[in-house]
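S.K.: First the structure, which I've put down as structure tokens, then a few questions once you've had a look.
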There are 2 protein chains.
Amino acid sequence: MPNPTIYDVAKAAGVGVGTVSRVLNNSSRVSPETQTRVLSAIRELGFRRSKVARQLSTGIQHRNIGVILPNITHPSFVERLRGMQLALGDQDNDYNLVLYSVSEPDRYHEQLLAIVEQAAVDGLLIATLTVSNEQRDLLTQAGIPFVTLSDACSDGLNCISPDNRHGGYMATEHLLELGHRRIAYVGDEFQNDYGFPTSELRYEGYLAALKDYDAPYRSDYVRLGVHGEEMAHRLTEQLLAAPELPTAIFAMSDIQAVGCILAIRAAGLRVPEDISVIGFDDVQLSRYIGLTTVRQHLERSGYLGAQLLIDLLTTPDNVVPRQLPPLELIVRGTTQRYSELM
Amino acid sequence: MPNPTIYDVAKAAGVGVGTVSRVLNNSSRVSPETQTRVLSAIRELGFRRSKVARQLSTGIQHRNIGVILPNITHPSFVERLRGMQLALGDQDNDYNLVLYSVSEPDRYHEQLLAIVEQAAVDGLLIATLTVSNEQRDLLTQAGIPFVTLSDACSDGLNCISPDNRHGGYMATEHLLELGHRRIAYVGDEFQNDYGFPTSELRYEGYLAALKDYDAPYRSDYVRLGVHGEEMAHRLTEQLLAAPELPTAIFAMSDIQAVGCILAIRAAGLRVPEDISVIGFDDVQLSRYIGLTTVRQHLERSGYLGAQLLIDLLTTPDNVVPRQLPPLELIVRGTTQRYSELM
DNA sequence: TTTAATCGTGGAAGCGGTTCCACGCAGAAT
DNA sequence: ATTCTGCGTGGAACCGCTTCCACGATTAAA
């Protein structure tokens with residue numbers, strides 16, 4: 001018997017279904033003999049009570065909020081996750097957080113389909129990944145409200161996003177004001193498999209700042225590659241092989257900034273004495289290592305995103321808009337004034 | 001109407017329930033007029049189809065695995081989580097990971113009760129938190145198999161755990177072999193609200209190593225406090241205020257090691273030149289900052305725990321035991337040989 | 001002894017969907 | 001005119017559990 005039900009158990013034990021249910025919930029009194037009979041029938045048949053049937057029958061509502069994110073590895077997601085948990089904790093309604101980590105970009109859509117098909121969640125928090133029109137329609141059609149924590153707040157989707165362009169500007173401006181002129185950019189490739197434009201936006205800010213400050217733009221100072229510390233390490237090595245070294249690097253994320261710093265040190269140079277490095281995000285790690293960066297309130301964005309979604313779920317026609325605090329420049333120890341003397 | 005059902009929608013639209021269902025799933029053909037009638041009825045009533053009823057009816061099984069952990073903040077949980085995701089990804093059966101973050105210890109039991117009551121999960125992965133006998137019975141009674149990723153593998157529970165005592169020994173031994181004799185221990189209080197004995201176990205290893213190497217034990221070199229970087233910082237300040245400074249510190253976790261290092265630097269001393277520091281865990285962060293530590297394969301333990309649970313869920317009578325790889329000493333840059341000259 | 005209360009139990013109804021079968025009706029084929 | 005086909009539709013049955021009501025058998029109270 002593949003999936004025995006309480007009816008099977010009842011039959012096997014020679015009792016009624018009500019009795020089986022009573023044993024299962026050890027509610028009211030069941031005579032000891034009966035109880036053991038039922039229990040052994042359960043064991044023999046390998047019975048497992050259906051979660052779903054139980055929920056339907058008892059009418060217990062517990063809403064699931066799904067979180068889709070590219071990969072649990074990255075610290076920035078941890079921060080956002082923490083914020084979400086916080087928001088869900090506020091509501092002591094029972095919202096459960098269900099994690100969907102998209103390890104490979106091409107499985108993203110497939111996973112989304114499965115989520116919809118399974119009716120696994122009541123609402124969705126989509127971090128960093130972009131939502132295509134097709135996907136938007138899919139979710140709307142299925143009646144699953146969603147909030148994106150992304151960098152492309154397009155077409156009136158519910159979305160929590162920092163101003164990446166401005167953040168890129170801020171970071172670069174900081175370096176410029178310290179007197180740097182040869183500033184490199186290390187970031188993700190603009191066209192990545194997950195489809196998010198973060199790197200390009202921050203790069204645009206970088207460009208704009210260079211322009212405003214009449215600093216030269218040099219294409220060989222722009223190094224792009226897949227996200228991660230190691231790639232940043234390698235990109236920095238390339239930068240260091242150039243005839244004229246940059247005096248500062250703007251890395252589009254803190255993790256990449258770490259890669260840059262490690263590469264610089266490995267080359268026998270010092271940070272910030274020889275080369276200044278600024279990151280982006282302000283993850284926990286950055287405080288520990290004293291990285292200068294742009295704080296984008298990741299935890300808060302998770303918090304606000306979850307709140308927004310809860311609004312959407314509970315009072316769809318009274319959704320209060322949420323505002324992310326402005327980006328902040330956090331100056332720590334990896335940037336310093338540029339002096340010709342050096 | 002609080003919770004309109006498809007019957008309400010059908011009535012309002014003047015159609016049968018079958019038709020409503022067809023519209024909902026846009027399956028087979030429904031005439032355009034009918035469709036719009038149904039759709040507007042849905043909108044007016046604020047109908048949301050019940051996830052649970054749908055699942056019961058379609059017979060779609062998707063198992064939920066709950067993860068209970070003290071607090072999402074801590075990097076070590078992220079690593080374990082990653083391992084769990086990995087294991088769940090192997091099975092491309094649909095196992096969903098549901099997160100329960102216990103922010104306050106006293107809410108732990110309450111949350112556990114809610115999980116059981118709600119029948120929210122099919123199995124449970126309990127990280128770090130300990131399971132009392134009462135709780136064990138509760139879960140067994142409810143037919144929820146569970147695996148603990150804890151430090152107290154007692155009474156034949158399914159459990160993945162490193163040998164913390166031995167790990168404490170290894171860390172201390174490393175310092176001793178570098179010639180250190182004045183070795184401090186910074187860790188959690190032995191009796192913490194979450195009930196896990198990690199700190200005490202590692203401390204025991206510390207003691208044993210001191211003894212084996214005939215190094216003096218000094219109670220003022222043992223500093224305990226609530227887990228976290230900040231507390232470790234403060235404890236280290238106390239250590240530095242002592243008349244005779246320790247030459248090395250064994251911190252029971254990497255995060256605490258960071259606190260130690262920061263405190264040492266803040267006091268104008270250098271790591272490892274003045275004081276060596278060794279941590280425990282080998283979280284990602286540690287690689288970045290070059291921390292010497294004991295690797296406990298956190299990701300792997302999450303992975304194995306999830307696998308074990310899946311076994312329990314699918315083939316309860318054929319559970320293959322999982323073995324964690326042995327602890328490894330990872331020597332990086334925060335420890336060095338002690339020389340009297342200094 | 002009669003009546004009432006209690007206990008253990010069986011089983012129908014219901015939770016809110018989906019699905020399949022049956023039916024009416026329009027248009028095509030005979 | 002009759003039969004056939006297919007489309008759009010209604011609604012019963014079912015998914016697997018809980019729960020409540022009913023009922024017979026004890027036991028206690030009157």
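The way I read the labels, and the way they are meant: chains A, B, ... in the order of the structure tokens, residue 1 as the first residue of every chain, and ligand 1 as the first ligand shown, with later ones counted on from there.
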Using only C-alpha atoms, find which residues of chain A lie within 9 Å of chain B and jot them down as a PyMOL selection string.

M.R.: chain A and resi 24-25+48-56+60-62+64+66+71-73+75+78-79+81-82+85+89+94+96-101+103+114+117-122+141-143+258-259+262+285+288-289

S.K.: With a distance cut-off of 12 Å and only C-alpha atoms (C1' of nucleotides), select the neighbouring residues of region 2-5 of chain C, excluding the residue or stretch itself and same-chain residues fewer than 5 positions from it, and output the selection as number ranges by chain.

M.R.: D: 26-30

S.K.: Run DSSP on the backbone of this structure and report the residues of region 174-317 of chain B it assigns to helix (DSSP H, G or I), as a PyMOL selection string.

M.R.: chain B and resi 174-177+198-212+219-221+229-240+254-266+284-289+298-314

S.K.: Skipping near chain neighbours, those fewer than 6 positions away, what residues fall within 8 Å of Ala251 (chain B) using only C-alpha atoms (C1' of nucleotides), listed as a PDB file with N, CA and C atoms, in the first residue's frame?

M.R.:
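New file around-v8.pdb:
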ATOM      1  N   TYR B 185      41.156  31.830  27.559  1.00  0.00           N
ATOM      2  CA  TYR B 185      39.991  31.271  26.875  1.00  0.00           C
ATOM      3  C   TYR B 185      38.851  32.286  26.916  1.00  0.00           C
ATOM      4  N   VAL B 186      38.295  32.589  25.753  1.00  0.00           N
ATOM      5  CA  VAL B 186      37.134  33.478  25.671  1.00  0.00           C
ATOM      6  C   VAL B 186      35.987  32.699  25.044  1.00  0.00           C
ATOM      7  N   GLY B 187      34.888  32.628  25.770  1.00  0.00           N
ATOM      8  CA  GLY B 187      33.781  31.819  25.238  1.00  0.00           C
ATOM      9  C   GLY B 187      32.434  32.228  25.801  1.00  0.00           C
ATOM     10  N   ALA B 257      36.581  35.549  18.107  1.00  0.00           N
ATOM     11  CA  ALA B 257      37.988  35.815  17.810  1.00  0.00           C
ATOM     12  C   ALA B 257      38.139  37.206  17.186  1.00  0.00           C
ATOM     13  N   CYS B 260      38.075  39.689  19.838  1.00  0.00           N
ATOM     14  CA  CYS B 260      39.352  39.694  20.553  1.00  0.00           C
ATOM     15  C   CYS B 260      40.385  40.518  19.786  1.00  0.00           C
ATOM     16  N   VAL B 277      45.941  34.810  18.354  1.00  0.00           N
ATOM     17  CA  VAL B 277      44.514  34.517  18.540  1.00  0.00           C
ATOM     18  C   VAL B 277      44.123  33.362  17.625  1.00  0.00           C
ATOM     19  N   ILE B 278      43.442  32.403  18.213  1.00  0.00           N
ATOM     20  CA  ILE B 278      42.886  31.318  17.392  1.00  0.00           C
ATOM     21  C   ILE B 278      41.389  31.249  17.636  1.00  0.00           C
ATOM     22  N   GLY B 279      40.654  30.987  16.570  1.00  0.00           N
ATOM     23  CA  GLY B 279      39.196  30.910  16.685  1.00  0.00           C
ATOM     24  C   GLY B 279      38.707  29.487  16.561  1.00  0.00           C
ATOM     25  N   PHE B 280      37.464  29.349  16.191  1.00  0.00           N
ATOM     26  CA  PHE B 280      36.861  28.032  16.010  1.00  0.00           C
ATOM     27  C   PHE B 280      35.688  28.177  15.065  1.00  0.00           C
TER      28      PHE B 280
END

S.K.: Would you list which chain C residues are within 7 Å of chain A using only C-alpha atoms (C1' of nucleotides), as an MDAnalysis selection string?

M.R.: chainID C and resid 8:10 15

S.K.: Quick check, in Å to one decimal: how far apart do CA of Glu104 (chain B) and CA of Leu304 (chain B) lie?

M.R.: 26.9 Å
